[in-house]
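Undergrad: The structure under discussion is supplied below as structure tokens; questions concerning it will follow.
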Amino acid sequence: MSELYIRVAEDENEEPMEIPSEDDGTVLLSSVAAQFPGACGLRYRNPESQCMRGVRLVEGVLHAPENDWGSLVYVVNYPKGEKLKMEEIDAASAVKVKRGFQKTSDLIVLGLPWKTTEQDLKDYFSTFGEVIMVQVKRQTNGNSKGFGFVRFADYETQTKVIAQRHMIDGRWCDCKHPNSKMCPDEPMRSRKIFVGRCTEDMTPDELRQYFMQYGEVTDVFIPKPFRAFAFVTFADDQVAQALCGEDLIIKGISVHISNAEPKHNNSRQMMDRGRFGVCPLGRQRGTKRPGGGMMRSRRVC
DNA sequence: GTTGAGCGTT
């Protein structure tokens with residue numbers, strides 16, 4: 001009568017897995033749990049109402065809605081709390097996968113004591129992770145200019161180092177992305193994503209709730225009147241970048257995530273954090289070029 | 001030989 005297998009997935013946008021049904025058309029919860037450890041039930045989206053519906057569960061036996069499993073994809077239920085955990089793992093691993101490709105970049109170290117040497121720098125920063133480059137900038141007489149550069153092997157290390165202040169040889173120092181245009185090895189890391197194919201019933205709060213699973217959301221903007229897209233800003237640019245290119249399912253709707261291209265009148269995106277070496281108003285820092293000749297600024301190293 | 005917010009001689 002019924003199919004031999006029903007299609008089950010951990011999330012609506014996941015590829016389903018086929019789970020065997022019993023002779024009488026029911027499905028054992030244990031069969032589901034065998035593939036999805038911790039599962040406590042199933043739900044599905046009712047094609048009529050577009051609402052999620054629970055699957056009847058009696059003593060470990062799942063019963064087909066309307067006595068027919070049909071070709072719907074059933075979504076695994078987890079005990080409260082457990083589910084969040086799974087989502088967090090998914091989101092975190094998604095970010096992590098892309099993190100693997102995140103290049104590190106040179107960081108400027110500001111506020112160094114005059115006496116600090118490159119060896120000192122290396123010794124200090126090695127406690128955070130593998131250091132692949134250190135520099136202390138000096139004048140021709142050999143005196144330190146009080147700043148330097150450092151580069152780490154791993155992006156995680158870099159992130160950690162930027163996030164805190166550093167006591168080096170008795171002075172507090174800061175590590176930042178340099179403003180210089182010498183090496184813009186970070187193309188453009190926006191913390192804001194463009195969410196395409198939105199429907200009008202998606203509220204800012206719902207979007208926030210949904211995207212929270214990937215990381216801290218600092219802003220949600222839905223242009224009005226309705227234009228079928230929205231902007232979501234994360235605290236962490238890595239999270240935003242990791243999501244770009246993805247098709248995500250929100251309220252049963254497939255939305256497309258892409259980079260929020262800063263519009264021509266890039267007012268805040270660039271000003272926000274003066275990083276990645278782009279001065280909106282052109283060079284402002286003292287650039288004394290004797291001949292007045294134009295130096296090409298965009299360089300790929 | 002000095003200094004203390006910043007931005008990298010090759």
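Labeling convention for the structure tokens: chains A, B, ... as they appear, residues from 1 per chain, ligands from 1 in order of appearance.
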Please run DSSP on the backbone and report, as a PyMOL selection string, all residues within region 57-244 of chain A that come out as helix (DSSP H, G or I).
TA: chain A and resi 65-67+82-99+118-125+155-162+204-211+237-243
Undergrad: Please give the complete set of residues from region 88-220 of chain A that DSSP, run on the backbone, assigns to strand (DSSP E or B), formatted as a ChimeraX atom specification.
TA: /A:107-110,131-138,144-152,166-168,171-176,192-196,217-220
Undergrad: Would you mind exporting the chosen residues as a short mmCIF file (atom, residue, chain, number, x, y, z; two decimals), in the first residue's frame, restricted to N, CA and C atoms?
TA:
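Just written: out-v9.cif:
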```cif
data_model
loop_
_atom_site.label_atom_id
_atom_site.label_comp_id
_atom_site.auth_asym_id
_atom_site.auth_seq_id
_atom_site.Cartn_x
_atom_site.Cartn_y
_atom_site.Cartn_z
N LEU A 107 48.84 42.21 9.92
CA LEU A 107 48.20 43.08 10.89
C LEU A 107 49.21 44.12 11.36
N ILE A 108 48.75 45.32 11.49
CA ILE A 108 49.64 46.35 12.01
C ILE A 108 49.58 46.29 13.54
N VAL A 109 50.75 46.43 14.16
CA VAL A 109 50.82 46.42 15.62
C VAL A 109 51.19 47.83 16.06
N LEU A 110 50.26 48.49 16.68
CA LEU A 110 50.46 49.89 17.08
C LEU A 110 50.81 50.02 18.55
N VAL A 131 53.20 32.03 14.05
CA VAL A 131 53.52 33.34 13.45
C VAL A 131 54.35 33.12 12.20
N ILE A 132 53.95 33.71 11.09
CA ILE A 132 54.74 33.50 9.87
C ILE A 132 55.49 34.76 9.42
N MET A 133 55.27 35.85 10.11
CA MET A 133 56.01 37.08 9.76
C MET A 133 55.89 38.10 10.87
N VAL A 134 56.99 38.72 11.20
CA VAL A 134 56.94 39.88 12.10
C VAL A 134 57.87 40.95 11.55
N GLN A 135 57.53 42.16 11.81
CA GLN A 135 58.36 43.28 11.37
C GLN A 135 58.25 44.38 12.40
N VAL A 136 59.37 45.04 12.65
CA VAL A 136 59.32 46.27 13.43
C VAL A 136 59.82 47.36 12.51
N LYS A 137 59.03 48.36 12.31
CA LYS A 137 59.42 49.45 11.41
C LYS A 137 60.41 50.38 12.11
N ARG A 138 61.49 50.68 11.41
CA ARG A 138 62.55 51.50 12.01
C ARG A 138 62.93 52.65 11.09
N SER A 144 63.24 52.29 16.43
CA SER A 144 61.89 51.81 16.12
C SER A 144 60.94 52.98 15.91
N LYS A 145 60.03 52.80 14.99
CA LYS A 145 59.00 53.81 14.79
C LYS A 145 57.82 53.57 15.73
N GLY A 146 57.92 52.51 16.49
CA GLY A 146 56.87 52.24 17.46
C GLY A 146 55.70 51.45 16.90
N PHE A 147 55.88 50.93 15.72
CA PHE A 147 54.84 50.03 15.21
C PHE A 147 55.48 48.97 14.34
N GLY A 148 54.71 47.97 14.05
CA GLY A 148 55.24 46.86 13.27
C GLY A 148 54.11 46.08 12.63
N PHE A 149 54.46 44.94 12.10
CA PHE A 149 53.46 44.10 11.46
C PHE A 149 53.64 42.66 11.88
N VAL A 150 52.55 41.94 11.84
CA VAL A 150 52.61 40.52 12.18
C VAL A 150 51.64 39.78 11.27
N ARG A 151 52.00 38.56 10.96
CA ARG A 151 51.08 37.72 10.17
C ARG A 151 51.04 36.33 10.76
N PHE A 152 49.86 35.80 10.84
CA PHE A 152 49.67 34.47 11.43
C PHE A 152 49.35 33.45 10.35
N HIS A 166 46.97 44.14 23.68
CA HIS A 166 48.13 43.33 23.99
C HIS A 166 49.15 44.10 24.82
N MET A 167 49.56 43.48 25.90
CA MET A 167 50.60 44.07 26.74
C MET A 167 51.94 43.55 26.26
N ILE A 168 52.67 44.43 25.56
CA ILE A 168 53.95 44.01 25.01
C ILE A 168 55.06 44.86 25.62
N ARG A 171 53.77 47.93 27.46
CA ARG A 171 52.83 48.91 26.88
C ARG A 171 51.64 48.21 26.25
N TRP A 172 50.51 48.85 26.29
CA TRP A 172 49.34 48.29 25.63
C TRP A 172 49.42 48.57 24.13
N CYS A 173 49.26 47.53 23.37
CA CYS A 173 49.33 47.66 21.92
C CYS A 173 48.05 47.16 21.27
N ASP A 174 47.78 47.66 20.08
CA ASP A 174 46.61 47.23 19.32
C ASP A 174 47.04 46.59 18.02
N CYS A 175 46.31 45.54 17.64
CA CYS A 175 46.54 44.92 16.34
C CYS A 175 45.31 45.17 15.48
N LYS A 176 45.55 45.71 14.30
CA LYS A 176 44.43 46.04 13.41
C LYS A 176 44.76 45.66 11.98
N LYS A 192 27.51 42.60 5.81
CA LYS A 192 26.10 42.67 5.40
C LYS A 192 25.83 41.77 4.21
N ILE A 193 24.72 41.04 4.28
CA ILE A 193 24.35 40.19 3.16
C ILE A 193 23.06 40.68 2.53
N PHE A 194 22.91 40.35 1.27
CA PHE A 194 21.71 40.66 0.51
C PHE A 194 20.85 39.40 0.50
N VAL A 195 19.61 39.53 0.94
CA VAL A 195 18.71 38.37 0.98
C VAL A 195 17.66 38.55 -0.12
N GLY A 196 17.84 37.81 -1.19
CA GLY A 196 16.93 37.94 -2.33
C GLY A 196 15.77 36.97 -2.26
N VAL A 217 23.45 38.77 14.89
CA VAL A 217 22.89 39.68 13.90
C VAL A 217 22.82 41.08 14.50
N THR A 218 23.42 42.04 13.81
CA THR A 218 23.43 43.40 14.35
C THR A 218 22.40 44.30 13.69
N ASP A 219 21.91 43.89 12.52
CA ASP A 219 20.90 44.73 11.86
C ASP A 219 20.12 43.94 10.82
N VAL A 220 18.85 44.25 10.72
CA VAL A 220 18.01 43.70 9.67
C VAL A 220 17.29 44.88 9.02
#
```
Undergrad: Select, as a list in words, those residues of chain B with any atom no more than 10 Å from chain A (distances computed using only C-alpha atoms (C1' of nucleotides)).
TA: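 Residues of chain B within 10 Å of chain A, counting only C-alpha atoms (C1' of nucleotides): DT3, DG4, DA5, DG6, DC7, DG8 and DT9 of chain B.
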Undergrad: One decimal, Å: what's the distance from CA of Gln213 (chain A) over to CA of Ala9 (chain A), could you say?
TA: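 Atom-to-atom, CA of Gln213 (chain A) and CA of Ala9 (chain A) are spaced 18.0 Å apart.
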Undergrad: At a cut-off of 10 Å, using only C-alpha atoms (C1' of nucleotides), what residues contact Phe36 (chain A)? Leave out same-chain residues fewer than 5 positions from it and give the result as a compact mmCIF listing (two decimals) with all heavy atoms, in the first residue's frame.
TA:
```
# COMPACT_ATOMS: atom_id res chain seq x y z
N VAL A 8 13.24 11.71 4.71
CA VAL A 8 13.41 12.44 5.95
C VAL A 8 14.68 13.30 5.88
O VAL A 8 15.70 12.86 5.35
CB VAL A 8 13.52 11.48 7.15
CG1 VAL A 8 13.80 12.23 8.44
CG2 VAL A 8 12.26 10.64 7.27
N ALA A 9 14.57 14.49 6.38
CA ALA A 9 15.74 15.38 6.40
C ALA A 9 15.82 16.11 7.73
O ALA A 9 14.82 16.22 8.45
CB ALA A 9 15.68 16.39 5.27
N GLU A 10 17.00 16.57 8.04
CA GLU A 10 17.20 17.26 9.30
C GLU A 10 16.65 18.68 9.23
O GLU A 10 16.26 19.26 10.21
CB GLU A 10 18.70 17.32 9.59
CG GLU A 10 19.02 17.65 11.01
CD GLU A 10 20.26 16.91 11.44
OE1 GLU A 10 20.21 15.69 11.61
OE2 GLU A 10 21.30 17.56 11.60
N MET A 17 16.98 11.83 3.43
CA MET A 17 17.47 10.46 3.48
C MET A 17 16.25 9.54 3.52
O MET A 17 15.23 9.88 4.10
CB MET A 17 18.31 10.27 4.75
CG MET A 17 18.83 8.87 4.93
SD MET A 17 19.91 8.78 6.36
CE MET A 17 21.35 9.63 5.75
N LEU A 29 9.90 5.18 15.07
CA LEU A 29 10.76 6.29 15.48
C LEU A 29 12.21 5.82 15.58
O LEU A 29 13.14 6.56 15.26
CB LEU A 29 10.29 6.84 16.84
CG LEU A 29 11.12 8.00 17.39
CD1 LEU A 29 11.14 9.17 16.42
CD2 LEU A 29 10.59 8.44 18.75
N SER A 30 12.37 4.56 15.97
CA SER A 30 13.73 4.04 16.10
C SER A 30 14.43 3.98 14.75
O SER A 30 15.65 4.14 14.67
CB SER A 30 13.69 2.65 16.74
OG SER A 30 12.85 1.79 16.00
N SER A 31 13.65 3.79 13.67
CA SER A 31 14.26 3.80 12.34
C SER A 31 14.79 5.18 12.01
O SER A 31 15.85 5.34 11.40
CB SER A 31 13.24 3.38 11.28
OG SER A 31 12.77 2.07 11.53
N VAL A 76 13.01 16.16 10.78
CA VAL A 76 13.24 15.54 12.09
C VAL A 76 12.99 16.52 13.22
O VAL A 76 13.44 17.68 13.16
CB VAL A 76 14.69 15.02 12.20
CG1 VAL A 76 14.92 14.32 13.53
CG2 VAL A 76 14.99 14.08 11.05
N ASN A 77 12.29 16.07 14.22
CA ASN A 77 12.15 16.85 15.46
C ASN A 77 13.17 16.38 16.48
O ASN A 77 13.41 15.19 16.62
CB ASN A 77 10.75 16.68 16.06
CG ASN A 77 9.72 17.43 15.26
OD1 ASN A 77 10.04 18.37 14.54
ND2 ASN A 77 8.47 17.01 15.38
N TYR A 78 13.72 17.37 17.18
CA TYR A 78 14.63 17.04 18.28
C TYR A 78 14.04 17.64 19.55
O TYR A 78 13.29 18.61 19.50
CB TYR A 78 16.02 17.62 18.03
CG TYR A 78 16.77 16.95 16.92
CD1 TYR A 78 16.85 17.54 15.67
CD2 TYR A 78 17.37 15.72 17.11
CE1 TYR A 78 17.54 16.92 14.63
CE2 TYR A 78 18.05 15.10 16.07
CZ TYR A 78 18.13 15.70 14.84
OH TYR A 78 18.80 15.10 13.83
```
Undergrad: Write out as a PyMOL selection string which residues come within 8 Å of region 245-251 of chain A when counting only C-alpha atoms (C1' of nucleotides), dropping same-chain ones fewer than 6 positions away.
TA: chain A and resi 12-13+210+257-258
Undergrad: Taking 3 positions as the minimum chain separation for residues in the same chain, which residues sit within 10 Å of Tyr74 (chain A) when counting only C-alpha atoms (C1' of nucleotides)? Answer as number ranges by chain.
TA: A: 6-12, 16-17, 41-45, 52-55, 69, 71, 77
Undergrad: Go ahead and save the picked residues with N, CA, C and O atoms, as a PDB file, in the first residue's frame.
TA:
```pdb
ATOM      1  N   ILE A   6      10.268   6.452   3.306  1.00  0.00           N
ATOM      2  CA  ILE A   6       9.831   7.847   3.341  1.00  0.00           C
ATOM      3  C   ILE A   6      11.068   8.738   3.371  1.00  0.00           C
ATOM      4  O   ILE A   6      12.145   8.310   3.796  1.00  0.00           O
ATOM      5  N   ARG A   7      10.883   9.936   2.936  1.00  0.00           N
ATOM      6  CA  ARG A   7      12.031  10.848   2.832  1.00  0.00           C
ATOM      7  C   ARG A   7      12.102  11.753   4.062  1.00  0.00           C
ATOM      8  O   ARG A   7      11.133  12.446   4.390  1.00  0.00           O
ATOM      9  N   VAL A   8      13.243  11.709   4.706  1.00  0.00           N
ATOM     10  CA  VAL A   8      13.412  12.445   5.952  1.00  0.00           C
ATOM     11  C   VAL A   8      14.681  13.305   5.875  1.00  0.00           C
ATOM     12  O   VAL A   8      15.704  12.861   5.349  1.00  0.00           O
ATOM     13  N   ALA A   9      14.570  14.491   6.383  1.00  0.00           N
ATOM     14  CA  ALA A   9      15.744  15.383   6.404  1.00  0.00           C
ATOM     15  C   ALA A   9      15.816  16.109   7.732  1.00  0.00           C
ATOM     16  O   ALA A   9      14.823  16.223   8.454  1.00  0.00           O
ATOM     17  N   GLU A  10      16.999  16.565   8.037  1.00  0.00           N
ATOM     18  CA  GLU A  10      17.197  17.258   9.300  1.00  0.00           C
ATOM     19  C   GLU A  10      16.654  18.675   9.228  1.00  0.00           C
ATOM     20  O   GLU A  10      16.262  19.259  10.214  1.00  0.00           O
ATOM     21  N   ASP A  11      16.634  19.175   8.010  1.00  0.00           N
ATOM     22  CA  ASP A  11      16.125  20.526   7.824  1.00  0.00           C
ATOM     23  C   ASP A  11      15.510  20.572   6.435  1.00  0.00           C
ATOM     24  O   ASP A  11      15.827  19.757   5.580  1.00  0.00           O
ATOM     25  N   GLU A  12      14.668  21.549   6.224  1.00  0.00           N
ATOM     26  CA  GLU A  12      13.971  21.600   4.950  1.00  0.00           C
ATOM     27  C   GLU A  12      14.896  21.807   3.767  1.00  0.00           C
ATOM     28  O   GLU A  12      14.576  21.432   2.653  1.00  0.00           O
ATOM     29  N   PRO A  16      17.268  14.980   1.664  1.00  0.00           N
ATOM     30  CA  PRO A  16      16.583  13.977   2.479  1.00  0.00           C
ATOM     31  C   PRO A  16      17.253  12.606   2.414  1.00  0.00           C
ATOM     32  O   PRO A  16      17.970  12.295   1.470  1.00  0.00           O
ATOM     33  N   MET A  17      16.981  11.827   3.429  1.00  0.00           N
ATOM     34  CA  MET A  17      17.474  10.455   3.479  1.00  0.00           C
ATOM     35  C   MET A  17      16.253   9.535   3.525  1.00  0.00           C
ATOM     36  O   MET A  17      15.228   9.880   4.099  1.00  0.00           O
ATOM     37  N   GLY A  41      10.710  12.809  16.848  1.00  0.00           N
ATOM     38  CA  GLY A  41       9.487  12.860  16.064  1.00  0.00           C
ATOM     39  C   GLY A  41       9.750  13.414  14.680  1.00  0.00           C
ATOM     40  O   GLY A  41      10.891  13.672  14.295  1.00  0.00           O
ATOM     41  N   LEU A  42       8.647  13.579  13.934  1.00  0.00           N
ATOM     42  CA  LEU A  42       8.748  14.117  12.577  1.00  0.00           C
ATOM     43  C   LEU A  42       7.701  15.204  12.385  1.00  0.00           C
ATOM     44  O   LEU A  42       6.666  15.221  13.050  1.00  0.00           O
ATOM     45  N   ARG A  43       7.974  16.091  11.477  1.00  0.00           N
ATOM     46  CA  ARG A  43       6.985  17.084  11.079  1.00  0.00           C
ATOM     47  C   ARG A  43       7.116  17.292   9.576  1.00  0.00           C
ATOM     48  O   ARG A  43       8.074  16.844   8.951  1.00  0.00           O
ATOM     49  N   TYR A  44       6.154  17.955   9.016  1.00  0.00           N
ATOM     50  CA  TYR A  44       6.202  18.203   7.575  1.00  0.00           C
ATOM     51  C   TYR A  44       5.417  19.467   7.270  1.00  0.00           C
ATOM     52  O   TYR A  44       4.604  19.919   8.065  1.00  0.00           O
ATOM     53  N   ARG A  45       5.675  20.013   6.108  1.00  0.00           N
ATOM     54  CA  ARG A  45       4.962  21.236   5.728  1.00  0.00           C
ATOM     55  C   ARG A  45       3.708  20.866   4.942  1.00  0.00           C
ATOM     56  O   ARG A  45       3.783  20.231   3.897  1.00  0.00           O
ATOM     57  N   MET A  52       3.750  24.021   9.236  1.00  0.00           N
ATOM     58  CA  MET A  52       4.350  22.755   9.638  1.00  0.00           C
ATOM     59  C   MET A  52       3.331  21.954  10.440  1.00  0.00           C
ATOM     60  O   MET A  52       2.588  22.510  11.248  1.00  0.00           O
ATOM     61  N   ARG A  53       3.315  20.661  10.194  1.00  0.00           N
ATOM     62  CA  ARG A  53       2.422  19.783  10.939  1.00  0.00           C
ATOM     63  C   ARG A  53       3.221  18.667  11.566  1.00  0.00           C
ATOM     64  O   ARG A  53       4.193  18.172  10.987  1.00  0.00           O
ATOM     65  N   GLY A  54       2.768  18.256  12.699  1.00  0.00           N
ATOM     66  CA  GLY A  54       3.426  17.154  13.371  1.00  0.00           C
ATOM     67  C   GLY A  54       2.899  15.822  12.862  1.00  0.00           C
ATOM     68  O   GLY A  54       1.748  15.706  12.442  1.00  0.00           O
ATOM     69  N   VAL A  55       3.747  14.828  12.882  1.00  0.00           N
ATOM     70  CA  VAL A  55       3.335  13.477  12.506  1.00  0.00           C
ATOM     71  C   VAL A  55       2.898  12.729  13.760  1.00  0.00           C
ATOM     72  O   VAL A  55       3.578  12.792  14.795  1.00  0.00           O
ATOM     73  N   TRP A  69       2.125   8.463   3.238  1.00  0.00           N
ATOM     74  CA  TRP A  69       3.285   9.339   3.452  1.00  0.00           C
ATOM     75  C   TRP A  69       3.503  10.267   2.264  1.00  0.00           C
ATOM     76  O   TRP A  69       4.092  11.335   2.395  1.00  0.00           O
ATOM     77  N   SER A  71       4.954  11.906  -1.112  1.00  0.00           N
ATOM     78  CA  SER A  71       6.341  12.159  -1.511  1.00  0.00           C
ATOM     79  C   SER A  71       6.915  13.353  -0.761  1.00  0.00           C
ATOM     80  O   SER A  71       7.926  13.939  -1.154  1.00  0.00           O
ATOM     81  N   ASN A  77      12.293  16.074  14.224  1.00  0.00           N
ATOM     82  CA  ASN A  77      12.146  16.853  15.456  1.00  0.00           C
ATOM     83  C   ASN A  77      13.169  16.385  16.478  1.00  0.00           C
ATOM     84  O   ASN A  77      13.413  15.192  16.617  1.00  0.00           O
TER      85      ASN A  77
END
```
